[in-house]
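Novice: Dropping in my_file.cif, which is mmCIF, C-alpha atoms:
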data_entry
#
loop_
_atom_site.label_atom_id
_atom_site.label_comp_id
_atom_site.auth_asym_id
_atom_site.auth_seq_id
_atom_site.Cartn_x
_atom_site.Cartn_y
_atom_site.Cartn_z
CA MET A 25 100.32 166.09 58.41
CA ALA A 26 101.95 166.55 61.80
CA ASP A 27 105.41 168.03 62.13
CA LYS A 28 108.16 165.50 62.63
CA LEU A 29 111.12 165.04 64.95
CA ALA A 30 113.74 162.49 63.93
CA MET A 31 116.40 160.87 66.09
CA VAL A 32 119.30 158.67 65.14
CA VAL A 33 120.13 156.64 68.24
CA PHE A 34 123.68 155.35 68.01
CA SER A 35 124.47 155.14 71.74
CA GLY A 36 123.51 152.27 73.97
CA THR A 37 124.31 153.71 77.39
CA VAL A 38 121.63 154.56 79.91
CA ASP A 39 122.72 158.20 80.26
CA LYS A 40 122.04 158.74 76.55
CA LEU A 41 118.97 156.53 76.21
CA LEU A 42 117.07 158.37 78.94
CA PRO A 43 117.09 161.65 76.96
CA VAL A 44 115.86 159.69 73.94
CA GLY A 45 112.78 158.66 75.95
CA ILE A 46 112.29 162.12 77.40
CA ILE A 47 112.67 164.02 74.12
CA ALA A 48 110.34 161.57 72.41
CA SER A 49 107.81 162.27 75.19
CA GLY A 50 108.15 166.02 74.69
CA GLY A 51 107.72 165.50 70.96
CA VAL A 52 104.47 163.56 71.18
CA ALA A 53 103.20 165.90 73.91
CA MET A 54 103.55 168.79 71.49
CA GLY A 55 101.86 166.85 68.72
CA LEU A 56 104.93 165.90 66.69
CA ASP A 57 105.41 162.54 65.04
CA VAL A 58 108.65 161.02 66.27
CA GLU A 59 110.81 158.85 64.01
CA ILE A 60 113.67 156.95 65.63
CA PHE A 61 116.43 155.09 63.81
CA LEU A 62 118.38 152.62 65.96
CA THR A 63 121.88 151.83 64.86
CA PHE A 64 124.91 150.09 66.37
CA TRP A 65 124.85 150.31 70.19
CA GLY A 66 121.49 152.00 69.99
CA LEU A 67 119.96 148.94 68.37
CA ASN A 68 121.79 146.60 70.73
CA ALA A 69 120.09 148.40 73.66
CA PHE A 70 116.70 147.22 72.37
CA ARG A 71 117.51 143.54 72.71
CA LYS A 72 114.96 141.78 74.91
CA ASP A 73 117.63 140.06 76.98
CA TRP A 74 119.53 143.28 77.65
CA VAL A 75 116.99 146.10 77.83
CA ASN A 76 116.29 145.84 81.56
CA ARG A 77 119.75 144.75 82.63
CA ASN A 78 121.61 147.60 80.99
CA THR A 79 123.41 149.84 83.52
CA ARG A 80 126.22 151.03 81.25
CA PHE A 81 127.18 154.69 81.21
CA SER A 82 129.26 156.78 78.85
CA LYS A 83 132.97 156.49 79.56
CA ASP A 84 133.17 160.18 80.50
CA TYR A 85 130.75 159.70 83.39
CA GLU A 86 131.52 156.10 84.27
CA ASP A 87 132.76 156.97 87.77
CA MET A 88 129.36 158.49 88.54
CA ALA A 89 127.27 155.69 87.04
CA ALA A 90 126.54 153.79 90.26
CA MET A 91 125.61 157.00 92.07
CA MET A 92 123.29 158.12 89.24
CA MET A 93 121.60 154.73 88.99
CA GLN A 94 120.99 154.86 92.75
CA VAL A 95 119.59 158.41 92.58
CA MET A 96 117.22 157.38 89.77
CA LYS A 97 116.13 154.33 91.76
CA ASP A 98 115.58 156.30 94.99
CA LYS A 99 113.54 158.94 93.19
CA ASN A 100 111.50 156.40 91.22
CA VAL A 101 112.57 157.84 87.88
CA PRO A 102 111.11 155.51 85.24
CA SER A 103 113.70 153.71 83.13
CA TRP A 104 114.54 155.05 79.67
CA PHE A 105 112.63 152.11 78.24
CA GLU A 106 109.46 152.77 80.26
CA THR A 107 109.67 156.45 79.32
CA LEU A 108 109.93 155.67 75.62
CA LYS A 109 107.17 153.06 75.82
CA LYS A 110 104.84 155.60 77.42
CA ALA A 111 105.62 158.15 74.71
CA LYS A 112 104.70 155.55 72.12
CA GLU A 113 101.39 154.84 73.87
CA ILE A 114 100.50 158.53 73.79
CA GLY A 115 101.51 159.57 70.30
CA ASN A 116 103.04 158.57 67.00
CA VAL A 117 106.47 157.20 67.74
CA ARG A 118 107.92 154.92 65.11
CA ILE A 119 111.05 152.97 65.90
CA HIS A 120 113.14 151.55 63.10
CA ALA A 121 116.03 149.10 63.36
CA CYS A 122 119.00 149.86 61.10
CA ALA A 123 119.13 147.06 58.53
CA MET A 124 122.92 147.06 58.41
CA THR A 125 123.38 146.61 62.18
CA TYR A 126 120.52 144.12 62.25
CA ASP A 127 122.16 141.95 59.64
CA MET A 128 125.67 142.38 60.98
CA LEU A 129 124.66 141.26 64.48
CA GLN A 130 122.54 138.48 62.95
CA MET A 131 119.44 139.62 64.75
CA LYS A 132 115.96 138.23 64.45
CA LYS A 133 112.79 140.27 64.95
CA ASP A 134 112.13 138.20 68.06
CA ASP A 135 115.43 139.30 69.66
CA LEU A 136 114.13 142.86 69.87
CA VAL A 137 111.56 144.38 72.22
CA ASP A 138 108.18 144.80 70.58
CA ILE A 139 108.24 148.62 70.49
CA VAL A 140 110.59 148.30 67.52
CA ASP A 141 108.30 148.63 64.51
CA ASP A 142 110.42 147.45 61.62
CA VAL A 143 113.82 147.04 60.03
CA MET A 144 114.72 149.88 57.72
CA ALA A 145 117.62 150.68 55.41
CA VAL A 146 119.40 153.97 55.93
CA GLY A 147 118.19 155.51 52.68
CA GLU A 148 114.57 155.13 53.64
CA PHE A 149 115.20 156.69 57.05
CA VAL A 150 117.08 159.64 55.59
CA ASP A 151 114.14 160.14 53.26
CA ILE A 152 111.86 160.34 56.32
CA ALA A 153 114.28 162.55 58.25
CA LYS A 154 114.62 165.07 55.42
CA ASP A 155 111.05 166.22 56.14
CA ALA A 156 111.60 166.45 59.90
CA LYS A 157 111.78 169.83 61.65
CA PHE A 158 114.98 168.63 63.25
CA THR A 159 117.03 165.47 63.57
CA LEU A 160 119.14 164.55 66.57
CA PHE A 161 122.10 162.21 66.64
CA ILE A 162 122.39 160.65 70.07
CA MET B 19 87.50 178.43 91.84
CA SER B 20 83.92 178.13 90.71
CA HIS B 21 84.10 174.50 89.61
CA GLU B 22 83.81 172.97 93.06
CA GLU B 23 80.41 171.48 92.31
CA GLU B 24 81.64 169.93 89.04
CA LYS B 25 83.27 166.54 88.95
CA VAL B 26 87.03 166.80 88.89
CA LYS B 27 89.27 163.92 87.87
CA VAL B 28 92.39 163.95 90.01
CA ILE B 29 95.71 162.55 88.87
CA ASP B 30 98.19 162.21 91.69
CA ALA B 31 101.55 162.49 89.95
CA ARG B 32 103.47 163.69 92.98
CA GLY B 33 107.00 162.34 93.08
CA SER B 34 107.02 161.88 89.31
CA TYR B 35 109.55 163.88 87.28
CA CYS B 36 109.26 165.77 84.01
CA PRO B 37 107.65 164.74 81.67
CA GLY B 38 105.71 162.25 83.86
CA PRO B 39 102.89 164.52 85.10
CA LEU B 40 102.31 165.98 81.63
CA MET B 41 102.19 162.53 80.05
CA GLU B 42 99.69 161.35 82.67
CA LEU B 43 97.56 164.42 81.96
CA ILE B 44 97.60 163.82 78.20
CA ARG B 45 96.61 160.20 78.69
CA THR B 46 93.71 161.18 80.97
CA VAL B 47 92.50 164.00 78.71
CA LYS B 48 92.38 161.55 75.80
CA GLN B 49 90.13 159.23 77.80
CA SER B 50 87.87 162.03 79.09
CA ASN B 51 84.77 163.72 77.71
CA ILE B 52 84.57 167.29 76.46
CA GLY B 53 83.85 169.57 79.40
CA ASP B 54 85.59 167.35 81.97
CA ILE B 55 87.94 168.99 84.41
CA ILE B 56 91.21 167.26 85.14
CA GLU B 57 93.44 168.19 88.04
CA VAL B 58 97.06 167.06 88.14
CA TRP B 59 98.93 166.98 91.42
CA SER B 60 102.58 167.55 90.72
CA SER B 61 105.66 168.15 92.83
CA ASP B 62 107.75 168.69 89.70
CA GLY B 63 108.56 172.33 88.98
CA GLY B 64 108.56 171.79 85.21
CA SER B 65 104.84 170.96 85.21
CA GLN B 66 103.88 174.54 85.95
CA ARG B 67 105.46 175.60 82.66
CA ASP B 68 104.89 172.51 80.54
CA ILE B 69 101.23 171.94 81.29
CA PRO B 70 99.91 175.45 80.42
CA LYS B 71 101.99 175.33 77.23
CA TRP B 72 100.61 171.96 76.25
CA THR B 73 97.05 173.01 77.14
CA GLU B 74 97.27 176.03 74.86
CA LYS B 75 98.85 174.04 72.06
CA ALA B 76 96.29 171.22 72.31
CA GLY B 77 93.43 173.72 72.39
CA HIS B 78 92.09 173.01 75.89
CA GLU B 79 91.34 175.46 78.67
CA PHE B 80 93.86 176.14 81.42
CA LEU B 81 91.98 176.78 84.66
CA GLY B 82 94.86 177.64 86.97
CA VAL B 83 97.15 176.41 89.69
CA ILE B 84 96.52 175.97 93.40
CA HIS B 85 99.74 175.86 95.38
CA GLU B 86 99.80 173.37 98.22
CA LYS B 87 102.64 172.53 100.55
CA GLY B 88 105.21 170.69 98.43
CA TYR B 89 103.06 170.33 95.32
CA ASP B 90 100.74 172.11 92.92
CA ARG B 91 97.21 171.30 91.82
CA ILE B 92 96.98 172.19 88.15
CA ARG B 93 93.55 172.29 86.52
CA VAL B 94 92.63 171.88 82.88
CA ARG B 95 89.27 171.60 81.12
CA LYS B 96 88.97 169.43 78.05
CA THR B 97 87.32 171.58 75.39
CA ARG B 98 87.67 169.65 72.16
#
In C-alpha coordinates, how does this file's structure come out?
Specialist:
Amino acid sequence: MADKLAMVVFSGTVDKLLPVGIIASGGVAMGLDVEIFLTFWGLNAFRKDWVNRNTRFSKDYEDMAAMMMQVMKDKNVPSWFETLKKAKEIGNVRIHACAMTYDMLQMKKDDLVDIVDDVMAVGEFVDIAKDAKFTLFI
Amino acid sequence: MSHEEEKVKVIDARGSYCPGPLMELIRTVKQSNIGDIIEVWSSDGGSQRDIPKWTEKAGHEFLGVIHEKGYDRIRVRKTR
(Lines of atoms letter the chains of each structure in order from A and count residues from 1; the text may use other names and numbers.)
(Lines give C-alpha, C1' and ligand atoms only; values in the text may rest on other atoms or scores of the structure.)
Protein backbone atom coordinates (compact mmCIF):
# COMPACT_ATOMS: atom_id res chain seq x y z
CA MET A 1 0.00 0.00 0.00
CA ALA A 2 1.26 3.47 -0.90
CA ASP A 3 2.26 5.95 1.78
CA LYS A 4 -0.35 8.55 2.56
CA LEU A 5 -0.47 12.31 2.98
CA ALA A 6 -3.56 13.77 4.65
CA MET A 7 -4.77 17.35 4.60
CA VAL A 8 -7.55 19.01 6.53
CA VAL A 9 -8.59 22.02 4.47
CA PHE A 10 -10.39 24.52 6.67
CA SER A 11 -9.52 27.71 4.77
CA GLY A 12 -11.38 28.96 1.74
CA THR A 13 -9.07 31.73 0.56
CA VAL A 14 -7.10 31.50 -2.66
CA ASP A 15 -3.73 32.05 -0.96
CA LYS A 16 -4.29 28.90 1.13
CA LEU A 17 -6.03 26.79 -1.49
CA LEU A 18 -3.18 27.13 -3.99
CA PRO A 19 -0.72 25.34 -1.65
CA VAL A 20 -3.34 22.61 -1.20
CA GLY A 21 -3.24 21.99 -4.96
CA ILE A 22 0.53 22.21 -5.13
CA ILE A 23 1.24 19.95 -2.15
CA ALA A 24 -1.28 17.42 -3.46
CA SER A 25 0.61 17.50 -6.78
CA GLY A 26 3.93 16.91 -5.03
CA GLY A 27 2.33 14.06 -3.10
CA VAL A 28 1.05 12.18 -6.12
CA ALA A 29 4.28 12.90 -8.02
CA MET A 30 6.18 11.08 -5.29
CA GLY A 31 3.72 8.20 -5.31
CA LEU A 32 1.77 9.06 -2.16
CA ASP A 33 -1.97 8.68 -1.85
CA VAL A 34 -3.48 12.01 -0.86
CA GLU A 35 -6.53 12.23 1.40
CA ILE A 36 -8.21 15.61 1.74
CA PHE A 37 -10.92 16.52 4.24
CA LEU A 38 -12.84 19.71 3.43
CA THR A 39 -14.42 21.50 6.32
CA PHE A 40 -16.01 24.91 6.90
CA TRP A 41 -14.60 27.51 4.47
CA GLY A 42 -12.59 24.79 2.81
CA LEU A 43 -15.76 22.97 1.80
CA ASN A 44 -17.47 26.21 0.81
CA ALA A 45 -14.63 26.84 -1.68
CA PHE A 46 -15.66 23.69 -3.59
CA ARG A 47 -19.12 24.98 -4.42
CA LYS A 48 -19.72 24.95 -8.18
CA ASP A 49 -21.06 28.49 -8.19
CA TRP A 50 -18.10 29.88 -6.26
CA VAL A 51 -15.04 27.87 -7.25
CA ASN A 52 -14.01 30.01 -10.22
CA ARG A 53 -15.19 33.34 -8.84
CA ASN A 54 -13.29 33.14 -5.58
CA THR A 55 -10.65 35.88 -5.23
CA ARG A 56 -10.65 36.11 -1.44
CA PHE A 57 -7.35 36.30 0.42
CA SER A 58 -6.43 35.84 4.05
CA LYS A 59 -7.00 38.99 6.09
CA ASP A 60 -3.27 39.31 6.80
CA TYR A 61 -2.48 39.69 3.11
CA GLU A 62 -5.68 41.31 1.93
CA ASP A 63 -3.94 44.52 0.83
CA MET A 64 -1.80 42.47 -1.55
CA ALA A 65 -4.60 40.30 -2.94
CA ALA A 66 -5.27 42.29 -6.12
CA MET A 67 -1.56 42.49 -6.91
CA MET A 68 -1.06 38.74 -6.34
CA MET A 69 -4.09 37.81 -8.45
CA GLN A 70 -2.70 39.99 -11.25
CA VAL A 71 0.78 38.44 -10.98
CA MET A 72 -0.73 34.94 -11.15
CA LYS A 73 -2.82 35.94 -14.17
CA ASP A 74 0.12 37.57 -15.99
CA LYS A 75 2.33 34.54 -15.41
CA ASN A 76 -0.39 32.05 -16.38
CA VAL A 77 -0.24 30.29 -13.03
CA PRO A 78 -3.05 27.71 -13.10
CA SER A 79 -5.76 28.28 -10.51
CA TRP A 80 -5.72 26.29 -7.28
CA PHE A 81 -8.65 24.31 -8.63
CA GLU A 82 -6.95 23.42 -11.92
CA THR A 83 -3.82 22.43 -10.00
CA LEU A 84 -5.75 20.13 -7.69
CA LYS A 85 -7.75 18.66 -10.57
CA LYS A 86 -4.53 17.82 -12.42
CA ALA A 87 -3.10 16.15 -9.32
CA LYS A 88 -6.22 14.02 -9.13
CA GLU A 89 -5.86 13.01 -12.78
CA ILE A 90 -2.30 11.85 -12.17
CA GLY A 91 -2.56 9.99 -8.89
CA ASN A 92 -4.75 8.88 -6.03
CA VAL A 93 -6.30 11.99 -4.55
CA ARG A 94 -9.47 11.46 -2.58
CA ILE A 95 -11.49 14.46 -1.53
CA HIS A 96 -14.00 14.16 1.26
CA ALA A 97 -16.62 16.69 2.34
CA CYS A 98 -17.04 17.10 6.09
CA ALA A 99 -20.49 15.75 6.94
CA MET A 100 -21.07 18.33 9.66
CA THR A 101 -20.37 21.35 7.41
CA TYR A 102 -22.29 19.71 4.58
CA ASP A 103 -25.37 19.31 6.71
CA MET A 104 -25.05 22.66 8.43
CA LEU A 105 -24.85 24.53 5.12
CA GLN A 106 -27.64 22.33 3.74
CA MET A 107 -25.57 21.27 0.78
CA LYS A 108 -26.48 18.78 -1.89
CA LYS A 109 -23.96 16.65 -3.77
CA ASP A 110 -24.83 18.62 -6.88
CA ASP A 111 -23.76 21.92 -5.26
CA LEU A 112 -20.18 20.70 -5.17
CA VAL A 113 -17.65 20.34 -7.98
CA ASP A 114 -17.29 16.77 -9.15
CA ILE A 115 -13.74 16.25 -7.83
CA VAL A 116 -15.30 15.87 -4.38
CA ASP A 117 -15.61 12.11 -3.94
CA ASP A 118 -17.93 11.73 -0.99
CA VAL A 119 -19.29 13.06 2.27
CA MET A 120 -17.48 11.72 5.30
CA ALA A 121 -17.86 12.04 9.05
CA VAL A 122 -14.86 13.24 11.01
CA GLY A 123 -14.27 9.92 12.74
CA GLU A 124 -13.81 8.10 9.49
CA PHE A 125 -11.36 10.72 8.23
CA VAL A 126 -9.32 10.64 11.42
CA ASP A 127 -9.16 6.89 11.03
CA ILE A 128 -7.69 7.39 7.54
CA ALA A 129 -5.35 10.16 8.70
CA LYS A 130 -3.92 8.10 11.56
CA ASP A 131 -2.11 5.95 8.98
CA ALA A 132 -0.79 8.93 7.01
CA LYS A 133 2.90 9.86 7.10
CA PHE A 134 1.82 13.38 7.91
CA THR A 135 -1.33 15.45 8.13
CA LEU A 136 -1.55 19.15 7.37
CA PHE A 137 -4.15 21.58 8.64
CA ILE A 138 -4.57 24.38 6.15
CA MET B 1 23.88 12.79 -26.45
CA SER B 2 23.76 9.52 -28.32
CA HIS B 3 19.98 9.34 -28.65
CA GLU B 4 19.67 11.75 -31.56
CA GLU B 5 18.51 9.02 -33.92
CA GLU B 6 15.86 7.80 -31.46
CA LYS B 7 12.41 9.31 -31.35
CA VAL B 8 12.11 11.88 -28.61
CA LYS B 9 8.77 13.11 -27.31
CA VAL B 10 9.03 16.80 -26.51
CA ILE B 11 6.89 18.52 -23.90
CA ASP B 12 7.10 22.28 -24.10
CA ALA B 13 6.34 23.39 -20.55
CA ARG B 14 8.14 26.70 -20.78
CA GLY B 15 6.40 29.42 -18.82
CA SER B 16 4.79 26.86 -16.52
CA TYR B 17 5.67 26.97 -12.82
CA CYS B 18 6.46 24.24 -10.31
CA PRO B 19 4.98 21.60 -10.26
CA GLY B 20 3.62 22.08 -13.82
CA PRO B 21 6.54 20.68 -15.86
CA LEU B 22 6.89 17.66 -13.56
CA MET B 23 3.18 16.91 -13.73
CA GLU B 24 3.25 17.13 -17.54
CA LEU B 25 6.21 14.75 -17.58
CA ILE B 26 4.46 12.22 -15.33
CA ARG B 27 1.35 12.34 -17.49
CA THR B 28 3.41 11.76 -20.66
CA VAL B 29 5.51 8.97 -19.15
CA LYS B 30 2.31 7.16 -18.15
CA GLN B 31 1.08 7.28 -21.74
CA SER B 32 4.44 6.23 -23.25
CA ASN B 33 6.02 2.87 -23.99
CA ILE B 34 9.02 1.40 -22.19
CA GLY B 35 12.18 2.66 -23.84
CA ASP B 36 10.65 5.97 -24.99
CA ILE B 37 12.63 9.11 -24.40
CA ILE B 38 10.77 12.14 -23.14
CA GLU B 39 12.24 15.62 -23.15
CA VAL B 40 10.69 18.38 -21.06
CA TRP B 41 11.39 22.00 -21.88
CA SER B 42 11.18 24.00 -18.71
CA SER B 43 11.98 27.57 -17.73
CA ASP B 44 11.21 26.78 -14.09
CA GLY B 45 14.28 26.38 -11.90
CA GLY B 46 12.59 23.82 -9.65
CA SER B 47 12.34 21.30 -12.51
CA GLN B 48 16.06 20.69 -12.51
CA ARG B 49 15.81 19.37 -8.96
CA ASP B 50 12.32 17.88 -8.98
CA ILE B 51 12.54 15.90 -12.19
CA PRO B 52 15.75 13.92 -11.43
CA LYS B 53 14.34 13.16 -7.97
CA TRP B 54 11.06 11.94 -9.38
CA THR B 55 12.83 9.92 -12.10
CA GLU B 56 14.93 8.10 -9.51
CA LYS B 57 11.95 7.50 -7.25
CA ALA B 58 9.75 6.24 -10.09
CA GLY B 59 12.52 3.96 -11.34
CA HIS B 60 13.14 5.56 -14.74
CA GLU B 61 16.43 6.66 -16.27
CA PHE B 62 17.57 10.27 -16.07
CA LEU B 63 19.45 11.13 -19.25
CA GLY B 64 20.58 14.66 -18.45
CA VAL B 65 19.95 18.34 -19.00
CA ILE B 66 20.79 20.54 -21.96
CA HIS B 67 20.86 24.20 -21.03
CA GLU B 68 19.40 26.55 -23.60
CA LYS B 69 18.94 30.28 -23.39
CA GLY B 70 16.18 30.85 -20.83
CA TYR B 71 15.17 27.20 -20.44
CA ASP B 72 16.42 23.67 -19.95
CA ARG B 73 15.81 20.52 -21.96
CA ILE B 74 15.52 17.67 -19.47
CA ARG B 75 15.60 14.11 -20.78
CA VAL B 76 14.20 10.97 -19.22
CA ARG B 77 13.86 7.42 -20.53
CA LYS B 78 10.90 5.33 -19.45
CA THR B 79 12.32 2.04 -18.20
CA ARG B 80 9.45 0.27 -16.51
Novice: Would you kindly identify which residues have an atom no farther than 12 Å from (106.8, 177.3, 86.5), using all atoms listed in the file and the file's own coordinates, and write them out as a list of chain:residue names?
Specialist: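 So the residues meeting the distance criterion are B:Ser60, B:Ser61, B:Asp62, B:Gly63, B:Gly64, B:Ser65, B:Gln66, B:Arg67, B:Asp68, B:Ile69, B:Pro70, B:Lys71, B:Gly82, B:Val83, B:His85, B:Tyr89, B:Asp90, B:Ile92.
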Novice: Keeping C-alpha atoms, export the residues of the selection given above as an mmCIF file, keeping the file's coordinate frame.
Specialist:
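Written output follows (again-v6.cif):
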data_model
loop_
_atom_site.group_PDB
_atom_site.id
_atom_site.type_symbol
_atom_site.label_atom_id
_atom_site.label_comp_id
_atom_site.auth_asym_id
_atom_site.auth_seq_id
_atom_site.Cartn_x
_atom_site.Cartn_y
_atom_site.Cartn_z
ATOM 1 C CA SER B 60 102.580 167.550 90.720
ATOM 2 C CA SER B 61 105.660 168.150 92.830
ATOM 3 C CA ASP B 62 107.750 168.690 89.700
ATOM 4 C CA GLY B 63 108.560 172.330 88.980
ATOM 5 C CA GLY B 64 108.560 171.790 85.210
ATOM 6 C CA SER B 65 104.840 170.960 85.210
ATOM 7 C CA GLN B 66 103.880 174.540 85.950
ATOM 8 C CA ARG B 67 105.460 175.600 82.660
ATOM 9 C CA ASP B 68 104.890 172.510 80.540
ATOM 10 C CA ILE B 69 101.230 171.940 81.290
ATOM 11 C CA PRO B 70 99.910 175.450 80.420
ATOM 12 C CA LYS B 71 101.990 175.330 77.230
ATOM 13 C CA GLY B 82 94.860 177.640 86.970
ATOM 14 C CA VAL B 83 97.150 176.410 89.690
ATOM 15 C CA HIS B 85 99.740 175.860 95.380
ATOM 16 C CA TYR B 89 103.060 170.330 95.320
ATOM 17 C CA ASP B 90 100.740 172.110 92.920
ATOM 18 C CA ILE B 92 96.980 172.190 88.150
#
Novice: To verify the selection step, state as a VMD selection string which residues the PyMOL selection byres ((chain B) within 10 of (chain A)) yields on this input.
Specialist: chain B and resid 33 to 38 40 to 45 48 68 to 69 71 to 73 75 to 76
Novice: In Å, with one decimal, what is the gap from atom CA of A:Asp27 to atom CA of A:Leu56?
Specialist: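 Here the two named atoms are 5.1 Å from each other.
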Novice: So the first atom is atom CA of A:Ala153 and the second is atom CA of A:Trp104; what is the distance between them in Å, to one decimal place?
Specialist: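 These two atoms are separated by 22.7 Å.
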Novice: Edge lengths and centre in Å to one decimal, as JSON, is what I'm after for the box along x, y and z that holds all listed atoms of stretch 112-117 of chain A once 6 Å is added on each side.
Specialist:
{"center_x": 103.5, "center_y": 157.2, "center_z": 70.4, "size_x": 18.0, "size_y": 16.7, "size_z": 18.9}
Novice: Which of these, B:Val58, B:Gly53, B:Glu86, B:Glu74, has the shortest distance to B:Lys25 once you count all atoms listed in the file?
Specialist: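 Among the listed residues, the smallest separation from B:Lys25 belongs to B:Gly53.
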Novice: So the first atom is atom CA of A:Lys72 and the second is atom CA of A:Lys112; what is the distance between them in Å, to one decimal place?
Specialist: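 Taking atom CA of A:Lys72 and atom CA of A:Lys112, their separation equals 17.4 Å.
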Novice: Starting from the PyMOL selection byres ((chain A and resi 149) around 10), expand the selection into actual residues of this file and give them as number ranges by chain.
Specialist: A: 30, 32, 59-61, 120-122, 144-148, 150-154
Novice: I need the residue set behind the PyMOL selection byres ((chain B and resi 96) around 6) for this file; please write it as an MDAnalysis selection string.
Specialist: chainID B and resid 52:54 78 95 97
